[in-house]
file entry-v8.csv (CSV, C-alpha atoms)
chain,number,residue,atom,x,y,z
A,22,MET,CA,0.0,0.0,0.0
A,23,ASN,CA,1.5,3.3,-1.1
A,24,ILE,CA,0.8,6.0,1.5
A,25,VAL,CA,0.9,9.7,0.6
A,26,LYS,CA,1.5,12.2,3.4
A,27,GLN,CA,-0.9,15.0,2.7
A,28,THR,CA,0.8,18.3,3.6
A,29,ASN,CA,-1.5,20.5,1.5
A,30,PHE,CA,-4.8,19.6,-0.3
A,31,LYS,CA,-5.3,19.5,-4.0
A,32,PRO,CA,-8.0,17.5,-5.8
A,33,VAL,CA,-6.8,13.8,-6.0
A,34,GLU,CA,-5.9,13.0,-9.6
A,35,THR,CA,-7.3,9.5,-9.2
A,36,GLY,CA,-10.8,10.9,-9.0
A,37,TYR,CA,-10.6,12.2,-12.6
A,38,VAL,CA,-9.4,8.9,-14.3
A,39,ILE,CA,-12.1,7.5,-16.5
A,40,ASP,CA,-11.3,3.9,-17.2
A,41,GLY,CA,-13.9,1.1,-17.1
A,42,SER,CA,-11.2,-1.5,-17.0
A,43,ARG,CA,-10.2,-0.1,-13.5
A,44,PRO,CA,-13.7,0.3,-11.9
A,45,VAL,CA,-12.2,1.0,-8.5
A,46,MET,CA,-9.0,2.9,-7.9
A,47,THR,CA,-7.5,3.8,-4.5
A,48,PHE,CA,-5.7,6.6,-2.9
A,49,VAL,CA,-4.4,6.3,0.7
A,50,ALA,CA,-3.2,9.4,2.6
A,51,GLU,CA,-1.8,10.1,6.0
A,52,ILE,CA,-3.7,13.1,7.4
A,53,HIS,CA,-2.7,15.3,10.3
A,54,GLY,CA,-5.7,17.4,11.2
A,55,GLN,CA,-6.0,19.2,7.9
A,56,ILE,CA,-8.6,21.1,6.0
A,57,CYS,CA,-9.4,21.0,2.3
A,58,PRO,CA,-10.7,24.6,1.9
A,59,ASP,CA,-11.6,24.6,-1.7
A,60,PHE,CA,-14.7,23.0,-3.2
A,61,HIS,CA,-14.0,20.5,-6.0
A,62,GLU,CA,-15.7,17.7,-7.8
A,63,HIS,CA,-14.6,14.7,-9.8
A,64,PRO,CA,-16.3,12.3,-12.2
A,65,ARG,CA,-15.5,9.2,-10.0
A,66,GLY,CA,-17.6,8.6,-6.9
A,67,GLN,CA,-15.6,8.5,-3.7
A,68,LEU,CA,-15.7,6.3,-0.6
A,69,MET,CA,-13.7,7.8,2.3
A,70,TYR,CA,-12.9,5.6,5.3
A,71,ALA,CA,-10.6,5.9,8.3
A,72,SER,CA,-10.4,3.9,11.6
A,73,ALA,CA,-9.6,7.0,13.7
A,74,GLY,CA,-10.5,10.7,13.8
A,75,VAL,CA,-13.6,12.5,12.7
A,76,LYS,CA,-14.0,13.5,9.1
A,77,LYS,CA,-16.3,16.2,7.8
A,78,VAL,CA,-17.6,16.6,4.3
A,79,ILE,CA,-19.4,19.8,3.3
A,80,THR,CA,-21.5,20.4,0.2
A,81,GLU,CA,-24.0,23.1,-0.7
A,82,LYS,CA,-26.8,20.8,0.6
A,83,GLY,CA,-25.4,20.2,4.0
A,84,MET,CA,-22.7,18.7,6.2
A,85,TRP,CA,-21.8,15.0,6.9
A,86,VAL,CA,-19.8,14.2,9.9
A,87,VAL,CA,-18.0,10.8,9.8
A,88,PRO,CA,-17.1,9.1,13.2
A,89,PRO,CA,-14.2,6.7,13.4
A,90,LEU,CA,-14.8,3.3,11.8
A,91,GLN,CA,-17.5,4.7,9.5
A,92,ALA,CA,-17.3,5.9,5.9
A,93,VAL,CA,-18.9,8.5,3.7
A,94,TRP,CA,-20.0,8.1,0.1
A,95,ILE,CA,-19.6,11.1,-2.2
A,96,PRO,CA,-21.2,10.7,-5.7
A,97,GLY,CA,-19.3,11.8,-8.7
A,98,GLY,CA,-20.0,15.3,-9.8
A,99,VAL,CA,-20.9,16.6,-6.3
A,100,SER,CA,-18.9,19.7,-5.3
A,101,HIS,CA,-17.5,19.2,-1.9
A,102,ARG,CA,-14.7,20.0,0.6
A,103,ALA,CA,-13.4,18.0,3.6
A,104,GLU,CA,-12.0,18.5,7.1
A,105,PHE,CA,-10.1,16.0,9.2
A,106,SER,CA,-9.3,16.0,13.0
A,107,GLY,CA,-6.3,14.4,14.5
A,108,ARG,CA,-3.8,12.1,12.8
A,109,THR,CA,-5.2,9.2,10.8
A,110,LEU,CA,-4.8,7.1,7.7
A,111,VAL,CA,-7.6,7.9,5.2
A,112,LYS,CA,-8.4,5.2,2.6
A,113,ASN,CA,-10.2,6.6,-0.5
A,114,LEU,CA,-11.8,4.4,-3.1
A,115,PHE,CA,-12.8,6.0,-6.4
A,116,PHE,CA,-15.5,4.4,-8.5
A,117,ASP,CA,-15.6,4.8,-12.3
A,118,PRO,CA,-19.0,6.0,-13.6
A,119,SER,CA,-19.4,2.6,-15.3
A,120,CYS,CA,-20.0,1.0,-11.8
A,121,ALA,CA,-20.9,4.0,-9.6
A,122,HIS,CA,-24.3,4.4,-11.3
A,123,ARG,CA,-25.5,1.5,-9.1
A,124,LEU,CA,-24.8,3.6,-6.0
A,125,PRO,CA,-26.8,6.4,-4.4
A,126,ASP,CA,-26.7,9.8,-6.1
A,127,ARG,CA,-26.4,11.6,-2.8
A,128,CYS,CA,-23.9,11.8,0.0
A,129,PHE,CA,-24.4,9.6,3.1
A,130,VAL,CA,-22.5,8.3,6.1
A,131,MET,CA,-22.6,4.5,6.4
A,132,SER,CA,-21.7,1.8,8.9
A,133,VAL,CA,-18.7,-0.3,7.9
A,134,SER,CA,-19.2,-4.0,8.6
A,135,PRO,CA,-16.2,-6.2,9.3
A,136,PHE,CA,-16.6,-7.7,5.8
A,137,LEU,CA,-16.7,-4.2,4.1
A,138,ARG,CA,-13.7,-3.1,6.2
A,139,GLU,CA,-11.7,-6.1,4.9
A,140,LEU,CA,-12.8,-5.4,1.3
A,141,ILE,CA,-11.6,-1.8,1.6
A,142,ALA,CA,-8.3,-3.1,3.1
A,143,LYS,CA,-7.9,-5.6,0.2
A,144,PHE,CA,-8.4,-2.9,-2.4
A,145,CYS,CA,-5.9,-0.7,-0.8
A,146,ASN,CA,-3.3,-3.4,-0.4
A,147,THR,CA,-3.7,-5.3,-3.7
A,148,SER,CA,-2.1,-4.3,-7.0
A,149,ASP,CA,-3.6,-7.2,-9.1
A,150,SER,CA,-6.0,-5.3,-11.3
A,151,ASP,CA,-7.8,-8.5,-12.5
A,152,LYS,CA,-8.5,-9.5,-8.9
A,153,LEU,CA,-9.7,-6.1,-8.0
A,154,ALA,CA,-12.0,-5.9,-11.1
A,155,ASN,CA,-13.6,-9.2,-10.0
A,156,LEU,CA,-14.2,-7.9,-6.5
A,157,SER,CA,-15.6,-4.5,-7.6
A,158,ALA,CA,-19.2,-5.8,-8.0
A,159,VAL,CA,-19.0,-7.3,-4.5
A,160,LEU,CA,-17.8,-4.0,-3.1
A,161,VAL,CA,-20.5,-2.0,-4.8
A,162,ASP,CA,-23.1,-4.4,-3.4
A,163,GLU,CA,-21.8,-4.0,0.1
A,164,ILE,CA,-21.9,-0.2,-0.1
A,165,ALA,CA,-25.4,-0.2,-1.6
A,166,GLU,CA,-26.6,-2.3,1.3
A,167,ALA,CA,-24.7,-0.6,4.1
A,168,LYS,CA,-26.7,0.9,7.0
A,169,GLU,CA,-27.0,4.7,6.7
A,170,GLU,CA,-26.1,6.6,9.9
A,171,PRO,CA,-27.8,9.8,11.0
A,172,PHE,CA,-24.8,12.2,10.6
A,173,CYS,CA,-26.1,14.5,7.9
A,174,LEU,CA,-27.0,18.1,8.9
A,175,PRO,CA,-29.0,19.7,6.0
A,176,ALA,CA,-28.3,23.3,5.1
A,177,ALA,CA,-30.7,26.1,4.6
A,178,SER,CA,-30.9,28.7,1.8
A,179,SER,CA,-32.4,31.8,3.4
A,180,HIS,CA,-30.1,34.2,5.2
A,181,LEU,CA,-32.3,34.2,8.3
A,182,LEU,CA,-32.1,30.4,8.8
A,183,VAL,CA,-28.4,30.3,7.9
A,184,ARG,CA,-27.8,32.9,10.6
A,185,ILE,CA,-29.7,30.9,13.2
A,186,MET,CA,-28.0,27.7,12.3
A,187,GLN,CA,-24.6,29.4,12.6
A,188,TYR,CA,-25.5,30.7,16.0
A,189,LEU,CA,-26.6,27.2,17.2
A,190,ASP,CA,-23.5,25.6,15.8
A,191,GLU,CA,-21.4,28.1,17.8
A,192,ASN,CA,-23.6,27.9,20.9
A,193,PRO,CA,-25.0,24.3,21.0
A,194,SER,CA,-26.1,24.7,24.6
A,195,CYS,CA,-28.6,27.4,23.7
A,196,ARG,CA,-32.1,26.5,25.0
A,197,LYS,CA,-34.0,29.2,23.1
A,198,THR,CA,-37.3,27.6,21.9
A,199,LEU,CA,-38.9,27.7,18.5
A,200,ASP,CA,-41.4,30.3,19.7
A,201,GLU,CA,-38.5,32.5,20.9
A,202,TRP,CA,-36.7,32.1,17.6
A,203,ALA,CA,-39.9,33.0,15.7
A,204,VAL,CA,-40.2,36.2,17.7
A,205,GLU,CA,-36.6,37.1,16.8
A,206,ALA,CA,-37.4,36.3,13.1
A,207,ASN,CA,-40.4,38.6,13.3
A,208,THR,CA,-42.8,35.8,12.3
A,209,SER,CA,-45.2,33.4,13.8
A,210,PRO,CA,-44.1,30.1,15.3
A,211,ARG,CA,-46.1,28.2,12.6
A,212,ASN,CA,-44.5,30.1,9.8
A,213,PHE,CA,-41.1,29.7,11.3
A,214,ALA,CA,-41.6,25.9,11.6
A,215,ARG,CA,-42.9,25.7,8.0
A,216,MET,CA,-40.0,27.6,6.6
A,217,PHE,CA,-37.5,25.5,8.5
A,218,LEU,CA,-39.1,22.2,7.3
A,219,LYS,CA,-39.3,23.4,3.7
A,220,GLU,CA,-35.7,24.4,3.5
A,221,THR,CA,-34.1,21.5,5.4
A,222,GLY,CA,-36.6,18.7,5.2
A,223,MET,CA,-36.4,18.4,9.0
A,224,THR,CA,-38.3,20.0,11.8
A,225,PHE,CA,-36.5,22.6,13.9
A,226,GLY,CA,-36.4,20.3,16.9
A,227,ALA,CA,-35.1,17.3,14.9
A,228,TRP,CA,-32.4,19.4,13.3
A,229,ARG,CA,-31.2,20.7,16.7
A,230,LYS,CA,-31.1,17.2,18.1
A,231,ARG,CA,-29.1,16.1,15.1
A,232,LEU,CA,-26.7,19.1,15.6
A,233,LYS,CA,-26.1,18.1,19.2
A,234,VAL,CA,-25.3,14.5,18.3
A,235,ILE,CA,-22.8,15.6,15.7
A,236,LYS,CA,-21.2,18.1,18.1
A,237,ALA,CA,-21.1,15.3,20.7
A,238,VAL,CA,-19.1,13.0,18.3
A,239,GLN,CA,-16.6,15.8,17.6
A,240,MET,CA,-16.2,16.7,21.3
A,241,MET,CA,-15.7,13.1,22.4
A,242,ASP,CA,-13.3,12.4,19.6
A,243,SER,CA,-11.2,15.4,20.8
A,244,GLY,CA,-10.9,13.8,24.2
A,245,MET,CA,-13.9,15.1,26.2
A,246,SER,CA,-15.7,12.7,28.4
A,247,VAL,CA,-19.3,11.8,28.1
A,248,THR,CA,-20.0,13.9,31.2
A,249,GLU,CA,-18.2,17.0,29.9
A,250,THR,CA,-19.9,16.6,26.5
A,251,ALA,CA,-23.3,16.4,28.1
A,252,TYR,CA,-23.0,19.5,30.1
A,253,ASP,CA,-21.3,21.5,27.4
A,254,LEU,CA,-24.2,20.7,25.1
A,255,GLY,CA,-26.7,22.0,27.6
A,256,TYR,CA,-28.2,18.7,28.8
A,257,GLN,CA,-29.5,18.9,32.4
A,258,SER,CA,-28.3,15.4,33.2
A,259,ILE,CA,-25.9,12.8,31.8
A,260,SER,CA,-28.7,10.2,31.4
A,261,ALA,CA,-30.7,12.7,29.3
A,262,PHE,CA,-27.8,13.1,27.0
A,263,ILE,CA,-27.2,9.3,26.7
A,264,GLU,CA,-30.8,8.6,26.0
A,265,SER,CA,-31.0,11.4,23.3
A,266,PHE,CA,-27.9,10.1,21.7
A,267,ARG,CA,-29.1,6.5,21.7
A,268,LYS,CA,-32.5,7.5,20.2
A,269,GLU,CA,-30.7,9.4,17.4
A,270,THR,CA,-28.0,6.8,16.6
A,271,GLY,CA,-29.3,3.5,18.0
A,272,SER,CA,-26.3,3.2,20.3
A,273,PRO,CA,-24.9,4.9,23.4
A,274,PRO,CA,-22.2,7.5,23.2
A,275,ALA,CA,-19.5,5.1,24.3
A,276,ARG,CA,-19.6,3.4,20.9
A,277,TYR,CA,-18.3,6.6,19.3
A,278,LEU,CA,-15.5,7.0,21.8
A,279,LYS,CA,-13.9,3.8,20.4
A,280,SER,CA,-11.4,3.9,17.6
A,281,SER,CA,-8.9,1.4,16.3
A,282,ASP,CA,-5.3,1.9,15.2
A,283,SER,CA,-5.4,-1.1,12.9
A,284,GLN,CA,-5.5,0.1,9.3
call {"tool": "encode", "arguments": {"input": "entry-v8.csv", "output": "structure tokens"}}
result
Amino acid sequence: MNIVKQTNFKPVETGYVIDGSRPVMTFVAEIHGQICPDFHEHPRGQLMYASAGVKKVITEKGMWVVPPLQAVWIPGGVSHRAEFSGRTLVKNLFFDPSCAHRLPDRCFVMSVSPFLRELIAKFCNTSDSDKLANLSAVLVDEIAEAKEEPFCLPAASSHLLVRIMQYLDENPSCRKTLDEWAVEANTSPRNFARMFLKETGMTFGAWRKRLKVIKAVQMMDSGMSVTETAYDLGYQSISAFIESFRKETGSPPARYLKSSDSQ
């Protein structure tokens, strides 16, 4: 496996190679808490996976936060940028349009099963193009059937909602209610709720819960304990935080504190 140490970010050339005889191509990079500030897109779809550190992918439609041991799918042609926390080895698989059309045309964060993890490792460690071509269909099937995780935070288009979202992102412990935000927006609670749902596809309450879960993953990955995270996010008790996290993700926060050094 050839590992590239990323010291500055440029679009990966592998994503631009159109070659049906190489349906899946890989690019492995050692990352040290870096940011890809420029939006870019490539014709190949991209699967990004790392066993440690939180990854963040941003598009005009929203933000996807990727906990350790999970992956994110980015369809070809989608303009995006990425941010990485900590030091980690990022494994990127780029899918030629000839096979990527079988995969979703939207970004999503997915669970990585042990079998899928081994498939990713095999693609990144094998140079036999014939073997990889034979395995490509299996890899596509595994990604298509992977469980989607709730780590997408939809964006809004209106200046008003963007401002409110930015405030909540910077002040996640804020307890201001929908009614109070409506007053600040000089509209009725009903109109505010409708506007939020129309622009994001989520209710205000659901969006704010999702934001707190995403913030929690980032905080815990940076070394904060469950207790510290709960109180920094404005929860009145640790049990309330754990229950809210479990309802959103299906698992308690401790699951997202775990990472593996095995690549």
call {"tool": "closest_residue", "arguments": {"input": "entry-v8.csv", "among": "A:Trp94, A:Tyr188, A:Phe136, A:Phe266", "to": "Phe116 (chain A)", "atoms": "only C-alpha atoms"}}
result
A:Trp94
call {"tool": "residues_around", "arguments": {"input": "entry-v8.csv", "residues": "region 166-173 of chain A", "least_positions_apart": "6", "cutoff": "6 Å", "atoms": "only C-alpha atoms", "output": "ChimeraX atom specification"}}
result
/A:84-86,130-132
call {"tool": "residues_around", "arguments": {"input": "entry-v8.csv", "residues": "Lys152 (chain A)", "least_positions_apart": "4", "cutoff": "12 Å", "atoms": "only C-alpha atoms", "output": "ChimeraX atom specification"}}
result
/A:42-45,140,143-144,146-148,156-159
call {"tool": "atom_distance", "arguments": {"input": "entry-v8.csv", "atom1": "CA of Gly98 (chain A)", "atom2": "CA of Ala154 (chain A)"}}
result
22.7 Å
call {"tool": "residues_around", "arguments": {"input": "entry-v8.csv", "residues": "Phe262 (chain A)", "least_positions_apart": "5", "cutoff": "12 Å", "atoms": "all atoms listed in the file", "output": "number ranges by chain"}}
result
A: 194, 230, 233-234, 237, 247-257, 267-269, 273-275
call {"tool": "atom_distance", "arguments": {"input": "entry-v8.csv", "atom1": "CA of Val78 (chain A)", "atom2": "CA of Cys128 (chain A)"}}
result
9.0 Å
call {"tool": "closest_residue", "arguments": {"input": "entry-v8.csv", "among": "A:Pro193, A:Pro58, A:Pro175, A:Gly222", "to": "Glu104 (chain A)", "atoms": "all atoms listed in the file"}}
result
A:Pro58
